[in-house]
Amino acid sequence: MLQVCLNGARNAADSAAIPLSPAALADAARQAVAAGAAEVHVHPKTPCGEDSLSPRVVGPALEAIRAVVDVPVGVTTGAWAEPDPARRVERINAWTELPDYASVNWHEPGADSVAAALLERGIGIEAGLWSGTDAAARFARSPLAPRVLRILVEALDPDATTARRTAHELLAEVAGAGHGRPVLLHGVNDGAWTVLRLAGELGLDTRIGLEDTLRLPDDRPADSSAQLVLAAKEFAGILPAG
């Protein structure tokens, strides 16, 4: 499975290609799904381009995307969008338009309470286990771990020369802590393509998009997440090219 991550915590200062508004997110999702993405992960944005968990921001983004694609759509619950864990739970409980799934970063304070709130509302959980954190150990101890949709093995090593090793090390941690849940492996920045290729070799789900990298495998700037999806299909043999 190849998921597209449309924007992440990036904004227009990172690239003019980053979609911010609901309409721009919908157009980017439509193009990426047409290119071969099977799921969409998105960070709903305020008009200022900041990530938000407010129902007044999440709802319009989800509605716009679902009007043009018929695939699962997920959102972030990152602490940078709402630092207070209790407030994060309040935001989730106030959502009027529900995503199919949401990512929960297990190294962040309040991860279990955020995950419980999502499960209570019938929303699937992507358990984000970041390299360089104690997320895998925390996840292993969580009573909610067996109930997550999947584990995001997030090899956040931006160096192409070391990202593969970082990914292998994190996968080894998850093997002992993952409760048998499915794995989606991805990297970031200069390490994104190295890790994506590893995911293809291992037969794991993966993702690509402007959240993870702004550049194509040949180091040219990417014009869109759809362009990155097409490149991923050929680069790692994730899906038949064509």
# chains A, B, ... in the order shown; residues from 1 in each chain; ligands from 1
call {"tool": "residues_around", "arguments": {"residues": "A:Ala136", "least_positions_apart": "3", "cutoff": "10 Å", "atoms": "only C-alpha atoms", "output": "PyMOL selection string"}}
result
chain A and resi 106-107+127-131+133+139-142+151+153+170-171+173-178
call {"tool": "write_last_selection", "arguments": {"atoms": "N, CA and C atoms", "output": "PDB file, in the first residue's frame"}}
result
ATOM      1  N   TRP A 106       3.746   8.332  19.562  1.00  0.00           N
ATOM      2  CA  TRP A 106       3.733   7.694  20.869  1.00  0.00           C
ATOM      3  C   TRP A 106       4.789   8.233  21.825  1.00  0.00           C
ATOM      4  N   HIS A 107       5.716   9.035  21.333  1.00  0.00           N
ATOM      5  CA  HIS A 107       6.680   9.644  22.251  1.00  0.00           C
ATOM      6  C   HIS A 107       6.121  10.918  22.885  1.00  0.00           C
ATOM      7  N   ALA A 127       0.007   4.386  14.810  1.00  0.00           N
ATOM      8  CA  ALA A 127       0.909   4.638  15.935  1.00  0.00           C
ATOM      9  C   ALA A 127       2.266   5.074  15.398  1.00  0.00           C
ATOM     10  N   GLY A 128       2.566   6.362  15.554  1.00  0.00           N
ATOM     11  CA  GLY A 128       3.828   6.899  15.052  1.00  0.00           C
ATOM     12  C   GLY A 128       4.966   6.604  16.011  1.00  0.00           C
ATOM     13  N   LEU A 129       5.911   5.770  15.574  1.00  0.00           N
ATOM     14  CA  LEU A 129       7.092   5.442  16.371  1.00  0.00           C
ATOM     15  C   LEU A 129       8.303   6.060  15.681  1.00  0.00           C
ATOM     16  N   TRP A 130       8.779   7.159  16.254  1.00  0.00           N
ATOM     17  CA  TRP A 130       9.868   7.926  15.648  1.00  0.00           C
ATOM     18  C   TRP A 130      11.220   7.363  16.054  1.00  0.00           C
ATOM     19  N   SER A 131      12.145   7.336  15.112  1.00  0.00           N
ATOM     20  CA  SER A 131      13.525   7.026  15.458  1.00  0.00           C
ATOM     21  C   SER A 131      14.073   8.123  16.368  1.00  0.00           C
ATOM     22  N   THR A 133      13.691   8.323  19.556  1.00  0.00           N
ATOM     23  CA  THR A 133      12.829   8.542  20.720  1.00  0.00           C
ATOM     24  C   THR A 133      12.614   7.207  21.430  1.00  0.00           C
ATOM     25  N   PHE A 139       5.183   2.330  23.407  1.00  0.00           N
ATOM     26  CA  PHE A 139       4.115   1.633  22.697  1.00  0.00           C
ATOM     27  C   PHE A 139       4.001   0.195  23.177  1.00  0.00           C
ATOM     28  N   ALA A 140       5.127  -0.462  23.402  1.00  0.00           N
ATOM     29  CA  ALA A 140       5.104  -1.850  23.852  1.00  0.00           C
ATOM     30  C   ALA A 140       4.357  -2.005  25.163  1.00  0.00           C
ATOM     31  N   ARG A 141       4.403  -0.968  26.007  1.00  0.00           N
ATOM     32  CA  ARG A 141       3.752  -1.030  27.319  1.00  0.00           C
ATOM     33  C   ARG A 141       2.294  -0.575  27.285  1.00  0.00           C
ATOM     34  N   SER A 142       1.862  -0.027  26.175  1.00  0.00           N
ATOM     35  CA  SER A 142       0.518   0.545  26.116  1.00  0.00           C
ATOM     36  C   SER A 142      -0.552  -0.540  26.014  1.00  0.00           C
ATOM     37  N   ILE A 151       1.270   0.484  12.528  1.00  0.00           N
ATOM     38  CA  ILE A 151       2.384   1.217  13.121  1.00  0.00           C
ATOM     39  C   ILE A 151       3.104   1.979  12.023  1.00  0.00           C
ATOM     40  N   VAL A 153       6.404   3.261  11.186  1.00  0.00           N
ATOM     41  CA  VAL A 153       7.820   3.201  11.538  1.00  0.00           C
ATOM     42  C   VAL A 153       8.483   4.376  10.830  1.00  0.00           C
ATOM     43  N   LEU A 170      15.202   0.667  13.787  1.00  0.00           N
ATOM     44  CA  LEU A 170      13.869   0.927  14.302  1.00  0.00           C
ATOM     45  C   LEU A 170      12.938  -0.255  14.036  1.00  0.00           C
ATOM     46  N   LEU A 171      13.057  -0.868  12.884  1.00  0.00           N
ATOM     47  CA  LEU A 171      12.248  -2.052  12.585  1.00  0.00           C
ATOM     48  C   LEU A 171      12.537  -3.174  13.580  1.00  0.00           C
ATOM     49  N   GLU A 173      13.442  -2.758  16.695  1.00  0.00           N
ATOM     50  CA  GLU A 173      12.748  -2.374  17.934  1.00  0.00           C
ATOM     51  C   GLU A 173      11.269  -2.711  17.848  1.00  0.00           C
ATOM     52  N   VAL A 174      10.674  -2.390  16.715  1.00  0.00           N
ATOM     53  CA  VAL A 174       9.241  -2.606  16.542  1.00  0.00           C
ATOM     54  C   VAL A 174       8.916  -4.094  16.512  1.00  0.00           C
ATOM     55  N   ALA A 175       9.822  -4.905  15.993  1.00  0.00           N
ATOM     56  CA  ALA A 175       9.577  -6.349  15.946  1.00  0.00           C
ATOM     57  C   ALA A 175       9.348  -6.915  17.340  1.00  0.00           C
ATOM     58  N   GLY A 176      10.000  -6.312  18.325  1.00  0.00           N
ATOM     59  CA  GLY A 176       9.823  -6.779  19.690  1.00  0.00           C
ATOM     60  C   GLY A 176       8.753  -6.043  20.459  1.00  0.00           C
ATOM     61  N   ALA A 177       8.174  -5.013  19.851  1.00  0.00           N
ATOM     62  CA  ALA A 177       7.227  -4.173  20.586  1.00  0.00           C
ATOM     63  C   ALA A 177       5.936  -3.919  19.830  1.00  0.00           C
ATOM     64  N   GLY A 178       5.797  -4.505  18.650  1.00  0.00           N
ATOM     65  CA  GLY A 178       4.706  -4.106  17.769  1.00  0.00           C
ATOM     66  C   GLY A 178       3.408  -4.836  17.920  1.00  0.00           C
TER      67      GLY A 178
END
call {"tool": "closest_atom_pairs", "arguments": {"of": "stretch 112-223 of chain A", "to": "stretch 24-41 of chain A", "cutoff": "12 Å", "atoms": "only C-alpha atoms", "output": "Markdown table"}}
result
| residue | atom | partner | partner_atom | distance |
| --- | --- | --- | --- | --- |
| A:Glu126 | CA | A:His41 | CA | 10.4 |
| A:Leu152 | CA | A:His41 | CA | 11.9 |
| A:Leu184 | CA | A:Glu39 | CA | 11.9 |
| A:Asp205 | CA | A:Ala38 | CA | 10.4 |
| A:Thr206 | CA | A:Ala37 | CA | 10.3 |
| A:Arg207 | CA | A:Ala37 | CA | 8.5 |
| A:Ile208 | CA | A:Ala37 | CA | 9.0 |
| A:Gly209 | CA | A:Ala32 | CA | 8.8 |
| A:Leu210 | CA | A:Ala28 | CA | 10.3 |
| A:Glu211 | CA | A:His41 | CA | 9.3 |
| A:Asp212 | CA | A:His41 | CA | 11.3 |
| A:Asp223 | CA | A:Ala28 | CA | 10.6 |
call {"tool": "select_by_dssp", "arguments": {"residues": "stretch 99-194 of chain A", "states": "strand (DSSP E or B)", "output": "list in words"}}
result
Tyr101, Ala102, Ser103, Val104, Asn105, Gly124, Ile125, Glu126, Ala127, Gly128, Leu129, Trp130, Arg150, Ile151, Leu152, Val153, Glu154, Ala155, Val183, Leu184, Leu185, His186 and Gly187 of chain A
call {"tool": "residues_around", "arguments": {"residues": "A:Arg10", "least_positions_apart": "4", "cutoff": "12 Å", "atoms": "only C-alpha atoms", "output": "count of residues only"}}
result
23
call {"tool": "residues_around", "arguments": {"residues": "A:Pro217", "least_positions_apart": "6", "cutoff": "10 Å", "atoms": "only C-alpha atoms", "output": "list of chain:residue names"}}
result
A:Asp190, A:Ala192, A:Trp193, A:Thr194, A:Leu228, A:Ala231, A:Ala232, A:Phe235
call {"tool": "select_by_dssp", "arguments": {"residues": "stretch 150-220 of chain A", "states": "helix (DSSP H, G or I)", "output": "list in words"}}
result
Ala163, Arg164, Arg165, Thr166, Ala167, His168, Glu169, Leu170, Leu171, Ala172, Glu173, Val174, Ala175, Asn189, Asp190, Gly191, Ala192, Trp193, Thr194, Val195, Leu196, Arg197, Leu198, Ala199, Gly200, Glu201 and Leu202 of chain A
call {"tool": "write_last_selection", "arguments": {"atoms": "C-alpha atoms", "output": "mmCIF file, in the first residue's frame"}}
result
data_model
loop_
_atom_site.group_PDB
_atom_site.id
_atom_site.type_symbol
_atom_site.label_atom_id
_atom_site.label_comp_id
_atom_site.auth_asym_id
_atom_site.auth_seq_id
_atom_site.Cartn_x
_atom_site.Cartn_y
_atom_site.Cartn_z
ATOM 1 C CA ALA A 163 18.779 6.352 6.819
ATOM 2 C CA ARG A 164 18.690 2.692 5.765
ATOM 3 C CA ARG A 165 20.568 1.632 8.896
ATOM 4 C CA THR A 166 18.326 3.826 11.051
ATOM 5 C CA ALA A 167 15.256 2.198 9.505
ATOM 6 C CA HIS A 168 16.611 -1.321 10.126
ATOM 7 C CA GLU A 169 17.344 -0.471 13.766
ATOM 8 C CA LEU A 170 13.869 0.927 14.302
ATOM 9 C CA LEU A 171 12.248 -2.052 12.585
ATOM 10 C CA ALA A 172 14.146 -4.331 14.969
ATOM 11 C CA GLU A 173 12.748 -2.374 17.934
ATOM 12 C CA VAL A 174 9.241 -2.606 16.542
ATOM 13 C CA ALA A 175 9.577 -6.349 15.946
ATOM 14 C CA ASN A 189 14.100 14.525 3.344
ATOM 15 C CA ASP A 190 17.299 13.077 1.827
ATOM 16 C CA GLY A 191 16.564 9.751 3.523
ATOM 17 C CA ALA A 192 13.044 9.431 2.131
ATOM 18 C CA TRP A 193 13.904 7.592 -1.071
ATOM 19 C CA THR A 194 16.429 5.291 0.605
ATOM 20 C CA VAL A 195 13.830 4.200 3.146
ATOM 21 C CA LEU A 196 11.078 3.930 0.540
ATOM 22 C CA ARG A 197 13.245 1.556 -1.466
ATOM 23 C CA LEU A 198 13.844 -0.523 1.676
ATOM 24 C CA ALA A 199 10.087 -0.698 2.266
ATOM 25 C CA GLY A 200 9.671 -2.003 -1.271
ATOM 26 C CA GLU A 201 12.354 -4.636 -0.731
ATOM 27 C CA LEU A 202 10.730 -5.790 2.504
#
call {"tool": "residues_around", "arguments": {"residues": "stretch 88-97 of chain A", "least_positions_apart": "6", "cutoff": "6 Å", "atoms": "only C-alpha atoms", "output": "JSON list (two decimals) with N, CA and C atoms, in the first residue's frame"}}
result
[["chain", "number", "residue", "atom", "x", "y", "z"],
["A", 54, "SER", "N", -8.65, 21.93, 15.33],
["A", 54, "SER", "CA", -9.97, 22.51, 15.51],
["A", 54, "SER", "C", -10.97, 21.88, 14.55],
["A", 55, "PRO", "N", -12.18, 21.58, 15.02],
["A", 55, "PRO", "CA", -13.20, 21.04, 14.10],
["A", 55, "PRO", "C", -13.52, 21.99, 12.96],
["A", 59, "GLY", "N", -12.80, 19.70, 9.75],
["A", 59, "GLY", "CA", -14.00, 19.36, 9.01],
["A", 59, "GLY", "C", -13.99, 19.79, 7.55],
["A", 82, "GLU", "N", -1.50, 21.06, 18.88],
["A", 82, "GLU", "CA", -2.19, 21.34, 20.14],
["A", 82, "GLU", "C", -1.34, 20.75, 21.27],
["A", 114, "VAL", "N", -4.98, 10.35, 23.92],
["A", 114, "VAL", "CA", -5.38, 10.74, 22.58],
["A", 114, "VAL", "C", -5.86, 9.52, 21.79]]
call {"tool": "decode", "arguments": {"residues": "stretch 171-185 of chain A", "atoms": "all heavy atoms", "output": "compact mmCIF listing (two decimals), in the first residue's frame"}}
result
# COMPACT_ATOMS: atom_id res chain seq x y z
N LEU A 171 13.06 -0.87 12.88
CA LEU A 171 12.25 -2.05 12.58
C LEU A 171 12.54 -3.17 13.58
O LEU A 171 11.62 -3.91 13.99
CB LEU A 171 12.51 -2.53 11.16
CG LEU A 171 11.88 -1.71 10.03
CD1 LEU A 171 12.46 -2.12 8.69
CD2 LEU A 171 10.36 -1.87 10.03
N ALA A 172 13.79 -3.31 13.98
CA ALA A 172 14.15 -4.33 14.97
C ALA A 172 13.48 -4.03 16.31
O ALA A 172 13.00 -4.95 16.99
CB ALA A 172 15.66 -4.41 15.12
N GLU A 173 13.44 -2.76 16.70
CA GLU A 173 12.75 -2.37 17.93
C GLU A 173 11.27 -2.71 17.85
O GLU A 173 10.68 -3.26 18.79
CB GLU A 173 12.91 -0.88 18.20
CG GLU A 173 14.26 -0.43 18.68
CD GLU A 173 14.21 1.03 19.09
OE1 GLU A 173 13.54 1.35 20.10
OE2 GLU A 173 14.82 1.86 18.39
N VAL A 174 10.67 -2.39 16.71
CA VAL A 174 9.24 -2.61 16.54
C VAL A 174 8.92 -4.09 16.51
O VAL A 174 7.85 -4.52 17.00
CB VAL A 174 8.75 -1.91 15.26
CG1 VAL A 174 7.32 -2.31 14.92
CG2 VAL A 174 8.86 -0.40 15.41
N ALA A 175 9.82 -4.90 15.99
CA ALA A 175 9.58 -6.35 15.95
C ALA A 175 9.35 -6.92 17.34
O ALA A 175 8.57 -7.87 17.51
CB ALA A 175 10.76 -7.05 15.28
N GLY A 176 10.00 -6.31 18.33
CA GLY A 176 9.82 -6.78 19.69
C GLY A 176 8.75 -6.04 20.46
O GLY A 176 8.45 -6.41 21.60
N ALA A 177 8.17 -5.01 19.85
CA ALA A 177 7.23 -4.17 20.59
C ALA A 177 5.94 -3.92 19.83
O ALA A 177 5.08 -3.21 20.32
CB ALA A 177 7.89 -2.82 20.89
N GLY A 178 5.80 -4.51 18.65
CA GLY A 178 4.71 -4.11 17.77
C GLY A 178 3.41 -4.84 17.92
O GLY A 178 2.44 -4.52 17.23
N HIS A 179 3.33 -5.85 18.79
CA HIS A 179 2.09 -6.58 19.02
C HIS A 179 1.50 -7.14 17.73
O HIS A 179 0.29 -7.33 17.62
CB HIS A 179 1.06 -5.68 19.71
CG HIS A 179 1.48 -5.22 21.07
ND1 HIS A 179 1.19 -5.92 22.23
CD2 HIS A 179 2.21 -4.15 21.49
CE1 HIS A 179 1.69 -5.30 23.27
NE2 HIS A 179 2.32 -4.22 22.86
N GLY A 180 2.35 -7.38 16.75
CA GLY A 180 1.89 -8.00 15.51
C GLY A 180 1.08 -7.11 14.60
O GLY A 180 0.45 -7.59 13.66
N ARG A 181 1.09 -5.81 14.83
CA ARG A 181 0.30 -4.91 14.00
C ARG A 181 1.01 -4.66 12.66
O ARG A 181 2.23 -4.72 12.57
CB ARG A 181 0.06 -3.57 14.72
CG ARG A 181 -0.60 -3.68 16.08
CD ARG A 181 -1.82 -4.59 16.04
NE ARG A 181 -2.83 -4.12 15.10
CZ ARG A 181 -3.62 -4.94 14.39
NH1 ARG A 181 -3.51 -6.25 14.49
NH2 ARG A 181 -4.51 -4.43 13.56
N PRO A 182 0.25 -4.35 11.59
CA PRO A 182 0.86 -4.03 10.30
C PRO A 182 1.78 -2.82 10.41
O PRO A 182 1.57 -1.95 11.26
CB PRO A 182 -0.35 -3.73 9.40
CG PRO A 182 -1.50 -4.40 10.07
CD PRO A 182 -1.23 -4.35 11.53
N VAL A 183 2.76 -2.77 9.52
CA VAL A 183 3.78 -1.71 9.56
C VAL A 183 3.76 -0.91 8.26
O VAL A 183 3.68 -1.48 7.17
CB VAL A 183 5.18 -2.32 9.78
CG1 VAL A 183 6.28 -1.29 9.51
CG2 VAL A 183 5.30 -2.86 11.20
N LEU A 184 3.84 0.40 8.41
CA LEU A 184 4.09 1.31 7.28
C LEU A 184 5.42 2.00 7.57
O LEU A 184 5.56 2.67 8.59
CB LEU A 184 2.97 2.33 7.13
CG LEU A 184 3.00 3.25 5.90
CD1 LEU A 184 1.61 3.80 5.59
CD2 LEU A 184 3.97 4.43 6.06
N LEU A 185 6.38 1.82 6.69
CA LEU A 185 7.73 2.36 6.87
C LEU A 185 7.95 3.54 5.94
O LEU A 185 7.65 3.47 4.75
CB LEU A 185 8.77 1.26 6.56
CG LEU A 185 10.24 1.69 6.51
CD1 LEU A 185 10.74 2.14 7.88
CD2 LEU A 185 11.10 0.54 5.98
